[in-house]
$ cat target-v3.pdb   # PDB, C-alpha atoms
MODEL        1
ATOM      1  CA  MET X   1       0.000   0.000   0.000
ATOM      2  CA  SER X   2       1.494   3.338  -1.082
ATOM      3  CA  TYR X   3       1.550   6.745   0.566
ATOM      4  CA  ASP X   4      -1.103   8.035  -1.873
ATOM      5  CA  ASP X   5      -3.353   5.045  -1.177
ATOM      6  CA  VAL X   6      -3.520   5.966   2.506
ATOM      7  CA  LEU X   7      -2.920   9.698   2.978
ATOM      8  CA  LYS X   8      -5.143  12.259   1.243
ATOM      9  CA  VAL X   9      -3.232  15.538   0.975
ATOM     10  CA  SER X  10      -5.289  18.436  -0.374
ATOM     11  CA  GLU X  11      -4.201  19.947  -3.664
ATOM     12  CA  GLU X  12      -3.421  23.280  -1.981
ATOM     13  CA  VAL X  13      -1.192  21.664   0.648
ATOM     14  CA  ARG X  14       0.458  19.356  -1.892
ATOM     15  CA  GLU X  15       1.332  22.289  -4.171
ATOM     16  CA  ALA X  16       2.675  24.374  -1.284
ATOM     17  CA  LEU X  17       4.928  21.534  -0.118
ATOM     18  CA  ALA X  18       6.178  20.869  -3.651
ATOM     19  CA  GLU X  19       7.031  24.552  -4.108
ATOM     20  CA  GLY X  20       8.693  24.891  -0.707
ATOM     21  CA  ARG X  21       6.089  27.315   0.639
ATOM     22  CA  PRO X  22       5.283  27.336   4.384
ATOM     23  CA  VAL X  23       2.620  24.961   5.668
ATOM     24  CA  VAL X  24       1.248  24.660   9.223
ATOM     25  CA  ALA X  25      -0.510  21.538  10.497
ATOM     26  CA  LEU X  26      -3.561  22.065  12.729
ATOM     27  CA  GLU X  27      -5.282  19.447  14.874
ATOM     28  CA  SER X  28      -9.005  18.773  14.622
ATOM     29  CA  THR X  29      -9.785  17.654  18.184
ATOM     30  CA  ILE X  30     -10.315  21.248  19.296
ATOM     31  CA  ILE X  31     -12.949  21.568  16.560
ATOM     32  CA  ALA X  32     -14.798  18.311  17.224
ATOM     33  CA  HIS X  33     -14.393  18.034  21.004
ATOM     34  CA  GLY X  34     -12.827  21.171  22.471
ATOM     35  CA  LEU X  35     -15.394  23.867  21.720
ATOM     36  CA  PRO X  36     -19.198  24.054  21.667
ATOM     37  CA  ARG X  37     -21.137  24.360  18.436
ATOM     38  CA  PRO X  38     -21.435  26.580  16.422
ATOM     39  CA  ARG X  39     -18.430  28.425  17.815
ATOM     40  CA  ASN X  40     -16.132  25.540  16.979
ATOM     41  CA  LEU X  41     -16.578  26.047  13.233
ATOM     42  CA  ARG X  42     -16.041  29.805  13.519
ATOM     43  CA  VAL X  43     -12.810  29.250  15.462
ATOM     44  CA  ALA X  44     -11.627  26.572  13.006
ATOM     45  CA  THR X  45     -12.155  28.964  10.099
ATOM     46  CA  GLU X  46     -10.469  31.786  12.005
ATOM     47  CA  LEU X  47      -7.402  29.666  12.753
ATOM     48  CA  GLU X  48      -6.959  28.808   9.095
ATOM     49  CA  GLU X  49      -7.302  32.508   8.210
ATOM     50  CA  LEU X  50      -4.622  33.396  10.786
ATOM     51  CA  VAL X  51      -2.233  30.984   9.070
ATOM     52  CA  ARG X  52      -2.967  32.511   5.673
ATOM     53  CA  ALA X  53      -2.461  36.036   7.031
ATOM     54  CA  GLN X  54       1.163  35.082   7.781
ATOM     55  CA  GLY X  55       1.687  33.865   4.219
ATOM     56  CA  ALA X  56       1.442  30.156   5.071
ATOM     57  CA  VAL X  57      -0.975  27.400   4.073
ATOM     58  CA  PRO X  58      -3.145  25.722   6.757
ATOM     59  CA  ALA X  59      -3.366  21.931   6.842
ATOM     60  CA  THR X  60      -6.089  20.906   9.254
ATOM     61  CA  ILE X  61      -5.860  17.146   9.795
ATOM     62  CA  ALA X  62      -8.645  14.622  10.399
ATOM     63  CA  VAL X  63      -9.636  11.080   9.448
ATOM     64  CA  LEU X  64     -12.766  10.854   7.299
ATOM     65  CA  ASP X  65     -14.315   7.528   6.278
ATOM     66  CA  GLY X  66     -11.137   5.643   7.058
ATOM     67  CA  ARG X  67      -8.749   7.969   5.255
ATOM     68  CA  PRO X  68      -6.441  10.544   6.859
ATOM     69  CA  HIS X  69      -6.889  13.977   5.309
ATOM     70  CA  VAL X  70      -4.154  16.615   5.471
ATOM     71  CA  GLY X  71      -5.879  19.850   4.537
ATOM     72  CA  LEU X  72      -9.679  20.110   4.660
ATOM     73  CA  ASP X  73     -12.072  21.918   2.354
ATOM     74  CA  LYS X  74     -15.063  23.904   3.611
ATOM     75  CA  ASP X  75     -17.473  20.968   3.585
ATOM     76  CA  GLN X  76     -15.004  18.706   5.379
ATOM     77  CA  LEU X  77     -14.338  21.336   8.037
ATOM     78  CA  GLU X  78     -18.090  21.660   8.587
ATOM     79  CA  ARG X  79     -18.351  17.893   8.896
ATOM     80  CA  VAL X  80     -15.687  17.778  11.605
ATOM     81  CA  ALA X  81     -17.436  20.607  13.460
ATOM     82  CA  GLY X  82     -20.813  18.893  13.187
ATOM     83  CA  GLY X  83     -20.114  16.366  15.921
ATOM     84  CA  GLY X  84     -20.262  12.602  16.121
ATOM     85  CA  LEU X  85     -16.592  11.991  15.350
ATOM     86  CA  ARG X  86     -14.342   9.836  17.478
ATOM     87  CA  LYS X  87     -11.207  11.181  19.117
ATOM     88  CA  LEU X  88      -8.184   9.500  17.523
ATOM     89  CA  GLY X  89      -4.686   9.205  18.941
ATOM     90  CA  HIS X  90      -1.895   7.773  16.810
ATOM     91  CA  ARG X  91      -2.504   4.255  18.167
ATOM     92  CA  ASP X  92      -6.094   4.389  16.845
ATOM     93  CA  LEU X  93      -5.134   5.134  13.238
ATOM     94  CA  PRO X  94      -4.778   1.529  11.974
ATOM     95  CA  MET X  95      -8.192   0.584  13.341
ATOM     96  CA  ALA X  96      -9.841   3.744  12.005
ATOM     97  CA  LEU X  97      -8.386   3.171   8.545
ATOM     98  CA  ALA X  98      -9.283  -0.518   8.390
ATOM     99  CA  LEU X  99     -12.814  -0.032   9.697
ATOM    100  CA  GLY X 100     -13.633   3.125   7.720
ATOM    101  CA  ALA X 101     -14.120   5.255  10.825
ATOM    102  CA  SER X 102     -14.073   9.040  11.036
ATOM    103  CA  GLY X 103     -12.383  10.948  13.807
ATOM    104  CA  ALA X 104     -10.686  14.105  14.973
ATOM    105  CA  THR X 105      -6.954  13.801  15.542
ATOM    106  CA  THR X 106      -5.286  14.500  18.871
ATOM    107  CA  VAL X 107      -1.771  15.920  19.251
ATOM    108  CA  SER X 108      -0.143  12.518  18.786
ATOM    109  CA  ALA X 109      -2.128  11.563  15.672
ATOM    110  CA  THR X 110      -1.794  15.029  14.140
ATOM    111  CA  ALA X 111       1.965  15.136  14.711
ATOM    112  CA  TYR X 112       2.331  11.644  13.235
ATOM    113  CA  LEU X 113       0.330  12.453  10.095
ATOM    114  CA  ALA X 114       1.940  15.881   9.686
ATOM    115  CA  HIS X 115       5.385  14.296   9.738
ATOM    116  CA  TRP X 116       4.264  11.641   7.274
ATOM    117  CA  ALA X 117       3.098  14.427   4.939
ATOM    118  CA  ASP X 118       6.473  16.193   5.382
ATOM    119  CA  ILE X 119       5.021  19.170   7.274
ATOM    120  CA  ARG X 120       7.579  20.588   9.685
ATOM    121  CA  VAL X 121       5.504  22.882  11.942
ATOM    122  CA  PHE X 122       2.384  22.009  13.912
ATOM    123  CA  ALA X 123       0.279  24.336  16.089
ATOM    124  CA  THR X 124      -1.941  23.181  18.926
ATOM    125  CA  GLY X 125      -3.281  24.406  22.271
ATOM    126  CA  GLY X 126      -1.535  22.467  25.016
ATOM    127  CA  LEU X 127       0.311  19.171  25.163
ATOM    128  CA  GLY X 128      -0.685  16.147  27.144
ATOM    129  CA  GLY X 129       1.766  15.068  29.806
ATOM    130  CA  VAL X 130       2.279  13.231  33.072
ATOM    131  CA  HIS X 131      -0.867  13.028  35.160
ATOM    132  CA  ARG X 132      -1.036  13.877  38.843
ATOM    133  CA  GLY X 133      -0.572  10.788  40.958
ATOM    134  CA  TRP X 134       1.631   9.177  38.323
ATOM    135  CA  THR X 135       3.518   7.136  40.916
ATOM    136  CA  GLU X 136       0.295   5.258  41.629
ATOM    137  CA  THR X 137      -1.396   5.204  38.213
ATOM    138  CA  GLN X 138       1.551   5.309  35.747
ATOM    139  CA  ASP X 139      -0.748   7.499  33.638
ATOM    140  CA  GLU X 140       0.861   9.730  31.041
ATOM    141  CA  SER X 141      -0.279  11.049  27.692
ATOM    142  CA  ALA X 142       0.562   9.159  24.508
ATOM    143  CA  ASP X 143       1.729  12.528  23.144
ATOM    144  CA  LEU X 144       5.072  12.195  24.911
ATOM    145  CA  GLN X 145       6.235   8.864  23.526
ATOM    146  CA  LEU X 146       5.079   9.782  20.018
ATOM    147  CA  LEU X 147       6.904  13.130  20.101
ATOM    148  CA  ALA X 148      10.034  11.353  21.329
ATOM    149  CA  ARG X 149      10.296   9.682  17.914
ATOM    150  CA  THR X 150       8.714  12.246  15.591
ATOM    151  CA  PRO X 151      10.808  15.210  14.354
ATOM    152  CA  VAL X 152       8.161  17.907  14.173
ATOM    153  CA  ALA X 153       8.085  21.369  15.746
ATOM    154  CA  VAL X 154       5.100  21.728  18.068
ATOM    155  CA  VAL X 155       4.044  25.265  18.931
ATOM    156  CA  CYS X 156       1.916  25.079  22.081
ATOM    157  CA  ALA X 157       1.060  26.900  25.307
ATOM    158  CA  GLY X 158       2.934  24.347  27.397
ATOM    159  CA  VAL X 159       0.966  21.531  29.009
ATOM    160  CA  LYS X 160      -2.441  21.672  30.593
ATOM    161  CA  SER X 161      -2.183  22.930  34.162
ATOM    162  CA  ILE X 162      -4.371  20.070  35.378
ATOM    163  CA  LEU X 163      -1.314  17.823  34.842
ATOM    164  CA  ASP X 164       1.877  17.373  36.869
ATOM    165  CA  VAL X 165       3.949  20.050  35.136
ATOM    166  CA  PRO X 166       7.318  19.414  36.867
ATOM    167  CA  ALA X 167       7.036  15.676  36.182
ATOM    168  CA  THR X 168       6.102  16.373  32.561
ATOM    169  CA  LEU X 169       9.164  18.568  32.067
ATOM    170  CA  GLN X 170      11.328  15.851  33.586
ATOM    171  CA  ARG X 171       9.765  13.306  31.253
ATOM    172  CA  LEU X 172      10.408  15.540  28.231
ATOM    173  CA  GLU X 173      14.060  15.731  29.253
ATOM    174  CA  THR X 174      14.303  11.974  29.725
ATOM    175  CA  LEU X 175      12.788  11.369  26.296
ATOM    176  CA  GLY X 176      15.156  13.843  24.636
ATOM    177  CA  ILE X 177      12.422  16.238  23.525
ATOM    178  CA  GLY X 178      13.814  19.775  23.269
ATOM    179  CA  VAL X 179      11.921  22.694  24.809
ATOM    180  CA  ILE X 180      12.369  26.384  24.021
ATOM    181  CA  GLY X 181      10.364  29.238  25.506
ATOM    182  CA  TYR X 182       9.143  31.887  23.084
ATOM    183  CA  GLY X 183       9.766  35.301  24.636
ATOM    184  CA  THR X 184       9.881  33.777  28.111
ATOM    185  CA  ASP X 185      12.161  31.880  30.459
ATOM    186  CA  ARG X 186       9.128  30.340  32.197
ATOM    187  CA  PHE X 187       7.245  27.281  31.042
ATOM    188  CA  PRO X 188       3.615  28.200  30.323
ATOM    189  CA  GLY X 189       0.695  26.332  31.858
ATOM    190  CA  PHE X 190      -1.842  26.478  29.024
ATOM    191  CA  TYR X 191      -4.464  28.612  30.782
ATOM    192  CA  LEU X 192      -1.655  30.443  32.604
ATOM    193  CA  ALA X 193       1.302  32.348  31.202
ATOM    194  CA  ASP X 194       3.584  30.852  33.865
ATOM    195  CA  SER X 195       3.279  27.343  35.290
ATOM    196  CA  GLY X 196       5.869  28.162  37.955
ATOM    197  CA  GLU X 197       8.569  26.124  36.200
ATOM    198  CA  PRO X 198      11.563  27.496  34.223
ATOM    199  CA  VAL X 199      12.758  26.655  30.722
ATOM    200  CA  ASP X 200      16.454  26.397  29.879
ATOM    201  CA  TRP X 201      16.375  28.087  26.472
ATOM    202  CA  THR X 202      14.582  31.163  25.155
ATOM    203  CA  VAL X 203      14.094  32.569  21.658
ATOM    204  CA  ARG X 204      12.728  36.026  20.954
ATOM    205  CA  THR X 205      11.736  36.013  17.277
ATOM    206  CA  PRO X 206      10.256  33.589  14.723
ATOM    207  CA  GLN X 207      13.602  33.709  12.921
ATOM    208  CA  GLU X 208      15.462  32.555  16.044
ATOM    209  CA  ALA X 209      12.985  29.700  16.440
ATOM    210  CA  ALA X 210      13.482  28.785  12.765
ATOM    211  CA  ASP X 211      17.254  28.806  13.288
ATOM    212  CA  VAL X 212      16.868  26.338  16.165
ATOM    213  CA  LEU X 213      14.764  24.109  13.904
ATOM    214  CA  ARG X 214      17.421  24.202  11.214
ATOM    215  CA  SER X 215      20.033  23.154  13.766
ATOM    216  CA  HIS X 216      17.671  20.445  14.982
ATOM    217  CA  ASP X 217      17.348  19.118  11.424
ATOM    218  CA  ALA X 218      21.083  19.349  10.767
ATOM    219  CA  ILE X 219      21.989  17.392  13.894
ATOM    220  CA  GLY X 220      19.229  14.952  13.180
ATOM    221  CA  PRO X 221      17.492  13.933  16.426
ATOM    222  CA  ASP X 222      14.327  11.928  15.795
ATOM    223  CA  SER X 223      12.415  13.745  18.514
ATOM    224  CA  ALA X 224      10.129  16.750  18.389
ATOM    225  CA  LEU X 225      10.985  20.300  19.384
ATOM    226  CA  ILE X 226       8.518  22.055  21.684
ATOM    227  CA  VAL X 227       8.109  25.804  21.183
ATOM    228  CA  ALA X 228       6.373  26.910  24.387
ATOM    229  CA  ASN X 229       4.421  30.095  23.690
ATOM    230  CA  PRO X 230       2.607  31.564  26.720
ATOM    231  CA  VAL X 231      -0.908  32.920  26.473
ATOM    232  CA  PRO X 232      -0.760  36.729  26.900
ATOM    233  CA  GLU X 233      -1.117  37.660  30.564
ATOM    234  CA  ALA X 234      -4.079  39.906  29.757
ATOM    235  CA  GLU X 235      -5.915  36.895  28.302
ATOM    236  CA  GLN X 236      -4.888  34.208  30.766
ATOM    237  CA  LEU X 237      -7.235  32.700  33.311
ATOM    238  CA  ASP X 238      -7.001  34.582  36.603
ATOM    239  CA  PRO X 239      -4.369  32.592  38.555
ATOM    240  CA  GLU X 240      -6.236  32.751  41.878
ATOM    241  CA  LEU X 241      -9.475  31.602  40.246
ATOM    242  CA  HIS X 242      -7.569  28.875  38.412
ATOM    243  CA  ASP X 243      -5.920  27.513  41.563
ATOM    244  CA  ARG X 244      -9.147  27.537  43.591
ATOM    245  CA  VAL X 245     -11.299  25.873  40.939
ATOM    246  CA  LEU X 246      -8.639  23.300  40.052
ATOM    247  CA  ALA X 247      -8.282  22.317  43.730
ATOM    248  CA  GLU X 248     -12.067  21.901  43.935
ATOM    249  CA  ALA X 249     -12.062  19.843  40.722
ATOM    250  CA  LEU X 250      -9.312  17.526  41.969
ATOM    251  CA  ASP X 251     -11.169  17.041  45.245
ATOM    252  CA  ALA X 252     -14.412  16.258  43.424
ATOM    253  CA  CYS X 253     -12.553  13.811  41.204
ATOM    254  CA  ARG X 254     -11.221  11.914  44.216
ATOM    255  CA  LYS X 255     -14.563  11.858  46.018
ATOM    256  CA  GLN X 256     -16.390  10.563  42.933
ATOM    257  CA  GLY X 257     -13.773   7.900  42.259
ATOM    258  CA  ILE X 258     -13.027   9.121  38.740
ATOM    259  CA  THR X 259      -9.880   7.522  37.338
ATOM    260  CA  GLY X 260      -8.004   6.810  34.108
ATOM    261  CA  GLN X 261      -9.046   8.453  30.850
ATOM    262  CA  ALA X 262     -12.122   9.975  32.500
ATOM    263  CA  VAL X 263     -10.022  12.304  34.684
ATOM    264  CA  THR X 264      -8.928  14.854  32.068
ATOM    265  CA  PRO X 265     -12.369  15.532  30.518
ATOM    266  CA  PHE X 266     -13.880  15.734  34.025
ATOM    267  CA  LEU X 267     -11.341  18.316  35.173
ATOM    268  CA  LEU X 268     -11.576  20.375  31.984
ATOM    269  CA  ASP X 269     -15.374  20.398  32.133
ATOM    270  CA  HIS X 270     -15.255  21.434  35.796
ATOM    271  CA  LEU X 271     -12.932  24.319  34.941
ATOM    272  CA  VAL X 272     -15.214  25.556  32.166
ATOM    273  CA  ARG X 273     -18.353  25.401  34.305
ATOM    274  CA  HIS X 274     -16.863  26.846  37.496
ATOM    275  CA  THR X 275     -14.891  29.676  35.881
ATOM    276  CA  GLY X 276     -17.920  30.947  33.995
ATOM    277  CA  GLY X 277     -16.343  29.955  30.699
ATOM    278  CA  ALA X 278     -13.166  31.940  31.385
ATOM    279  CA  SER X 279     -10.994  28.831  30.966
ATOM    280  CA  LEU X 280     -12.518  28.311  27.521
ATOM    281  CA  GLU X 281     -11.638  31.880  26.524
ATOM    282  CA  ALA X 282      -8.054  31.403  27.719
ATOM    283  CA  ASN X 283      -7.927  28.183  25.682
ATOM    284  CA  VAL X 284      -8.999  29.963  22.493
ATOM    285  CA  ALA X 285      -6.596  32.860  23.131
ATOM    286  CA  ALA X 286      -3.721  30.413  23.567
ATOM    287  CA  VAL X 287      -4.534  28.549  20.360
ATOM    288  CA  ARG X 288      -4.798  31.777  18.366
ATOM    289  CA  GLY X 289      -1.385  32.901  19.572
ATOM    290  CA  ASN X 290       0.164  29.516  18.835
ATOM    291  CA  VAL X 291      -1.245  29.418  15.313
ATOM    292  CA  ARG X 292       0.065  32.909  14.527
ATOM    293  CA  LEU X 293       3.499  32.020  15.844
ATOM    294  CA  ALA X 294       3.621  28.665  14.058
ATOM    295  CA  ALA X 295       2.804  30.345  10.751
ATOM    296  CA  ALA X 296       5.499  32.975  11.327
ATOM    297  CA  ILE X 297       8.075  30.282  12.142
ATOM    298  CA  ALA X 298       7.069  28.243   9.080
ATOM    299  CA  ALA X 299       7.453  31.362   6.925
ATOM    300  CA  ALA X 300      10.897  32.052   8.435
ATOM    301  CA  LEU X 301      11.956  28.510   7.548
TER
ENDMDL
END
$ encode --input "target-v3.pdb" --output "structure tokens"
Amino acid sequence: MSYDDVLKVSEEVREALAEGRPVVALESTIIAHGLPRPRNLRVATELEELVRAQGAVPATIAVLDGRPHVGLDKDQLERVAGGGLRKLGHRDLPMALALGASGATTVSATAYLAHWADIRVFATGGLGGVHRGWTETQDESADLQLLARTPVAVVCAGVKSILDVPATLQRLETLGIGVIGYGTDRFPGFYLADSGEPVDWTVRTPQEAADVLRSHDAIGPDSALIVANPVPEAEQLDPELHDRVLAEALDACRKQGITGQAVTPFLLDHLVRHTGGASLEANVAAVRGNVRLAAAIAAAL
């Protein structure tokens, strides 16, 4: 089975890659699962427009009827936003393809398919990571292992603050995944501009980030490079509100006996409901900033 038999790359994306023009991969989970309808479609369209405004081509990725698509047209984007799609990590791809399923791609699946399509830069909201209580549950996101063997640049707002951020940073180091802060020496916490943890390396411009990527490619590590771009402080979730609501959410999670894969959606839903939607607004602000930066870095490359 050939590349073309499996992967459907849109004509626009294919032409841009052939001509050496900048392309930015975008995940589809935020469209299908991260935002309510009909706002999800408006945000999806806006994100693609932000990429174009920087002179790059957007490549939103999803699996439709058992075929991975890199670059969606208007009808396909509307289909993803319409609901009813599964959430697909990279481990789910063989089953989805064989069984003709449709699904929105998570960070791991999007990074995998972007690399397969030869797209160098990928923008998302926040990474998965090591979960709280890891010593008891051994629960960590599949994003980490996949990024340890996939050379793609991931522009993100750090990792979700509901996770164990120090343990996640340690895991990234262990796996050999490079981390650079964009305009900051602090590691962002998705909803928050500062998770409380430092980063070792800082770049100040898209060109500096592109230079790091060129060095990364020249040296040849098989791992990803994380470009940690904090949400603007004016648009972050109020830190005091964040800490209080997260503590309440973690307590409710323990009392209700919620474990495993159910923990993350429970905590995220609790944050949305008990911050009056402010966590959702910080999420969207972070993604917008990451998409703009990813497009600028892709153009600088």
$ residues_around --input "target-v3.pdb" --residues "Gly129 in chain X" --least-positions-apart "3" --cutoff "6 Å" --atoms "only C-alpha atoms" --output "compact mmCIF listing (two decimals) with C-alpha atoms, in the coordinates of the input"
# COMPACT_ATOMS: atom_id res chain seq x y z
CA GLU X 140 0.86 9.73 31.04
CA SER X 141 -0.28 11.05 27.69
CA THR X 168 6.10 16.37 32.56
$ resolve_selection --input "target-v3.pdb" --expression "the PyMOL selection byres ((chain X and resi 246) around 9)" --output "list of chain:residue names"
X:Ser161, X:Ile162, X:Leu241, X:His242, X:Asp243, X:Arg244, X:Val245, X:Ala247, X:Glu248, X:Ala249, X:Leu250, X:Asp251, X:Leu267, X:His270, X:Leu271
$ resolve_selection --input "target-v3.pdb" --expression "the PyMOL selection byres ((chain X and resi 283) around 10)" --output "list of chain:residue names"
X:Ile30, X:Gly34, X:Leu35, X:Gly125, X:Gly126, X:Ala157, X:Lys160, X:Phe190, X:Tyr191, X:Leu192, X:Val231, X:Glu235, X:Gln236, X:Leu237, X:Gly277, X:Ala278, X:Ser279, X:Leu280, X:Glu281, X:Ala282, X:Val284, X:Ala285, X:Ala286, X:Val287, X:Arg288
$ axis_aligned_box --input "target-v3.pdb" --around "range 212-226 of chain X" --padding-each-side "5 Å" --output "AutoDock Vina command-line options"
--center_x 15.3 --center_y 19.1 --center_z 16.2 --size_x 23.5 --size_y 24.4 --size_z 20.9
$ closest_residue --input "target-v3.pdb" --among "X:Arg149, X:Arg186, X:Lys255, X:Arg14" --to "Gly71 in chain X" --atoms "only C-alpha atoms"
X:Arg14
$ residues_around --input "target-v3.pdb" --residues "Leu172 in chain X" --least-positions-apart "4" --cutoff "10 Å" --atoms "only C-alpha atoms" --output "PyMOL selection string"
chain X and resi 129-130+144-145+147-148+166-168+176-179+224+226
$ resolve_selection --input "target-v3.pdb" --expression "the PyMOL selection byres ((chain X and resi 297) around 8)" --output "compact mmCIF listing (two decimals) with C-alpha atoms, in the frame of the given file"
# COMPACT_ATOMS: atom_id res chain seq x y z
CA VAL X 121 5.50 22.88 11.94
CA PRO X 206 10.26 33.59 14.72
CA GLN X 207 13.60 33.71 12.92
CA ALA X 209 12.98 29.70 16.44
CA ALA X 210 13.48 28.78 12.76
CA LEU X 293 3.50 32.02 15.84
CA ALA X 294 3.62 28.66 14.06
CA ALA X 295 2.80 30.34 10.75
CA ALA X 296 5.50 32.98 11.33
CA ALA X 298 7.07 28.24 9.08
CA ALA X 299 7.45 31.36 6.92
CA ALA X 300 10.90 32.05 8.44
CA LEU X 301 11.96 28.51 7.55
$ closest_residue --input "target-v3.pdb" --among "X:Gln170, X:Thr105, X:Ser195, X:Ser28" --to "Gly82 in chain X" --atoms "all atoms listed in the file"
X:Ser28
$ residues_around --input "target-v3.pdb" --residues "Val199 in chain X" --least-positions-apart "4" --cutoff "7 Å" --atoms "only C-alpha atoms" --output "list in words"
Ile180, Gly181, Asp185, Arg186 and Phe187 of chain X
